[in-house]
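Participant: First, the structure itself, so that you have it in front of you.
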Amino acid sequence: MIRYIKDYYNQSNKLLLLLISLFTALLVFINYYFGLDEAVRKNNFPVKLLCWLLVFAVSFIIPYIITSFFNAGLPFRDKAFIGFLLIAVLLFSFKISVDFSFRFSADPEWNNYWNHIIYWPFLLLLLAPMLILLWRSYHPYQPFYGFKIKGINWKPYWLMLLIMIPLILLASTQADFQEVYPKIQSIEGLMNNIHLQWWHKLLYELSYGTDFITIEFFFRGFLVLAFVKWAGKDAILPMACFYCSIHFGKPMGECISSYFGGILLGIVVYNTRSVFGGLMVHLGIAWMMELAGWVFF
């Protein structure tokens with residue numbers, strides 16, 4: 001894995017890396033200084049969808065435009081390439097904007113809880129067929145966007161999780177971390193108004209975990225392995241910038257680190273052609289953050 005990182009750095013254009021990193025930093029500054037994420041989330045579905053379309057188009061397409069000055073092989077006249085750029089932005093804008101409310105009982109608080117339980121698995125089931133359709137139509141010669149488990153060496157991923165433990169413990173002492181984690185506390189009034197047993201909380205954490213399956217297959221599988229055809233290793237930086245932008249509602253430290261984490265996981269997927277190692281790390285970190293949140297809750 002260290003070799004993967006060294007090879008990527010040695011083979012990358014340092015100016016391109018600097019420019020996209022500075023562009024990402026500018027987006028992070030704009031979001032946290034002007035409260036962009038907060039303003040967007042207050043709106044109804046059509047407005048939210050349009051706003052996220054704009055944000056994600058800026059964070060994904062502009063890095064590709066910057067990359068095109070260094071990689072003359074990027075086919076901006078290729079309709080399939082342009083189509084994939086737009087589809088990627090549209091799919092995740094819809095994913096992050098969509099909301100629904102099903103009635104399970106007469107108690108609105110329990111309805112609220114069960115709607116949260118089905119929310120993340122529903123989004124996975126919604127996006128998966130669309131990605132499968134794109135794969136079958138344009139990339140059937142490769143495994144489904146990183147859906148490859150054979151030959152993976154799991155030891156480096158366990159090591160990465162061990163390295164993250166002290167960092168998560170340090171982050172968990174910060175006020176902005178404690179305001180967000182555990183995620184279940186974001187369900188307004190739920191913790192106070194109904195009695196949640198241990199299995200309710202466990203079910204919530206399992207449901208929350210399915211969101212990381214969606215994210216890994218979308219960002220590392222789709223946005224790297226589908227775009228390798230056109231961009232090669234240069235598909236990693238635009239994906240990392242896009243990935244950073246979906247963390248605008250999280251604590252700033254988590255948002256900033258997501259950019260570097262996105263690059264790291266992108267490098268791993270680019271070399272292994274599998275998302276499962278990255279999924280293990282991402283899911284492991286998410287659940288460790290949840291555990292730390294419960295300890296300080």
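Every chain in the structure tokens has a letter given in the order shown (A, B, ...), and although residue numbers restart at 1 in each chain, ligands are simply numbered from 1 in the order shown.
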At a cut-off of 6 Å, can you tabulate as CSV every residue of region 174-263 of chain A near region 96-120 of chain A together with its closest atom pair and the distance in Å to one decimal, using only C-alpha atoms and ordering rows by chain then number?
Facilitator:
```
residue,atom,partner,partner_atom,distance
A:Tyr204,CA,A:Ile117,CA,5.8
A:Ser207,CA,A:Ile117,CA,5.7
A:Asp211,CA,A:Trp120,CA,5.3
```
Participant: Within 9 Å of region 250-257 of chain A, which residues of region 84-198 of chain A show up? Give each one with its shortest atom-to-atom distance in Å (one decimal) and the two atoms involved, counting only C-alpha atoms, rows by chain then rising residue number, as JSON lines.
Facilitator:
```
{"residue": "A:Ala171", "atom": "CA", "partner": "A:Gly253", "partner_atom": "CA", "distance": 8.5}
{"residue": "A:Asp176", "atom": "CA", "partner": "A:Pro251", "partner_atom": "CA", "distance": 5.8}
{"residue": "A:Phe177", "atom": "CA", "partner": "A:Pro251", "partner_atom": "CA", "distance": 6.3}
{"residue": "A:Glu179", "atom": "CA", "partner": "A:Pro251", "partner_atom": "CA", "distance": 8.9}
{"residue": "A:Val180", "atom": "CA", "partner": "A:Lys250", "partner_atom": "CA", "distance": 7.5}
```
Participant: Can you work out which one of A:Trp294, A:Lys233, A:Ser258, A:Phe222 has the shortest atom-to-atom distance to Gln185 (chain A), counting only C-alpha atoms?
Facilitator: A:Trp294
Participant: Write out as a count of residues only the set of residues from region 129-261 of chain A that DSSP, computed on the backbone, places in helix (DSSP H, G or I).
Facilitator: 101
Participant: List the spatial neighbours of region 41-56 of chain A as a list in words - criterion: any atom at most 7 Å away, only C-alpha atoms, same-chain residues fewer than 5 positions off excluded.
Facilitator: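 My reading of the contact set: Val89, Leu90, Ser93, Phe94, Ser97, Val98 and Phe242 of chain A.
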Participant: Closest to Val228 (chain A) among A:His200, A:Lys95, A:Arg273, A:Lys150, using only C-alpha atoms?
Facilitator: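 Checking each candidate against Val228 (chain A), we get A:Arg273 as the closest.
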Participant: For a test of reading the model, state the distance in Å between CA of Gly266 (chain A) and CA of Ile66 (chain A), rounded to one decimal.
Facilitator: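 Separating CA of Gly266 (chain A) from CA of Ile66 (chain A) is a distance of 18.5 Å.
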Participant: I'd like the contact shell of Gln178 (chain A) - 12 Å cut-off, only C-alpha atoms, skipping same-chain residues fewer than 2 positions apart - returned as a PyMOL selection string.
Facilitator: chain A and resi 168-176+180-186+250-251+289-297
Participant: Counting only C-alpha atoms, what is within 12 Å of region 9-11 of chain A, bar same-chain residues fewer than 3 positions away, as a PyMOL selection string?
Facilitator: chain A and resi 2-6+14-18+232-234+236-237+263-264+267
Participant: To one decimal in Å, tell me the separation between CA of Val40 (chain A) and CA of Leu127 (chain A).
Facilitator: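 Computed distance, CA of Val40 (chain A) to CA of Leu127 (chain A), equals 22.2 Å.
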Participant: Rank nothing, just name the residue among A:Phe227, A:Phe276, A:Trp135, A:Phe81 nearest to Ile213 (chain A), using only C-alpha atoms.
Facilitator: A:Phe276
Participant: Counting only C-alpha atoms, which residue out of A:Phe147, A:Trp199, A:Tyr243, A:Tyr208 sits closest to Phe122 (chain A)?
Facilitator: A:Tyr208
Participant: Nearest to Tyr145 (chain A) among A:Tyr8, A:Trp158, A:Phe92, A:Phe219, with distances taken over only C-alpha atoms: which residue is it?
Facilitator: A:Phe219
Participant: Between CA of Asp37 (chain A) and CA of Ile65 (chain A), measure the distance and give it in Å to one decimal.
Facilitator: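 Going from CA of Asp37 (chain A) over to CA of Ile65 (chain A), I get 24.1 Å.
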Participant: Quick one: residues within 9 Å of Tyr32 (chain A), only C-alpha atoms, excluding same-chain residues fewer than 3 positions away - as a list in words?
Facilitator: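 Near Tyr32 (chain A), the qualifying residues are Leu27, Val28, Phe29, Gly35, Leu36, Asp37, Phe248, Gly249 and Met252 of chain A.
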Participant: For the selection just defined, write its residues with C-alpha atoms to a file, as a JSON list (two decimals), in the first residue's frame.
Facilitator:
```json
[["chain", "number", "residue", "atom", "x", "y", "z"],
["A", 27, "LEU", "CA", -14.84, 25.07, -1.51],
["A", 28, "VAL", "CA", -14.43, 24.02, 2.13],
["A", 29, "PHE", "CA", -13.79, 27.65, 3.15],
["A", 35, "GLY", "CA", -22.94, 28.20, 5.99],
["A", 36, "LEU", "CA", -23.68, 26.83, 2.53],
["A", 37, "ASP", "CA", -24.69, 23.35, 3.64],
["A", 248, "PHE", "CA", -20.01, 19.77, 4.16],
["A", 249, "GLY", "CA", -22.50, 19.10, 6.94],
["A", 252, "MET", "CA", -14.75, 20.71, 9.62]]
```
Participant: Between A:Ile62, A:Cys241, A:Leu162, A:Ile149, which residue has the minimum interatomic distance to Val269 (chain A), considering only C-alpha atoms?
Facilitator: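 Closest to Val269 (chain A) of all the choices is A:Ile149.
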Participant: Check which residues of region 97-167 of chain A sit at most 12 Å from region 75-80 of chain A using only C-alpha atoms, and return one row each with the closest pair of atoms and their distance in Å to one decimal, ordered by chain and rising number, as a Markdown table.
Facilitator:
```
| residue | atom | partner | partner_atom | distance |
| --- | --- | --- | --- | --- |
| A:Leu134 | CA | A:Ala80 | CA | 10.7 |
| A:Ser137 | CA | A:Ala80 | CA | 10.9 |
| A:Tyr138 | CA | A:Ala80 | CA | 8.8 |
| A:His139 | CA | A:Ala80 | CA | 11.6 |
```
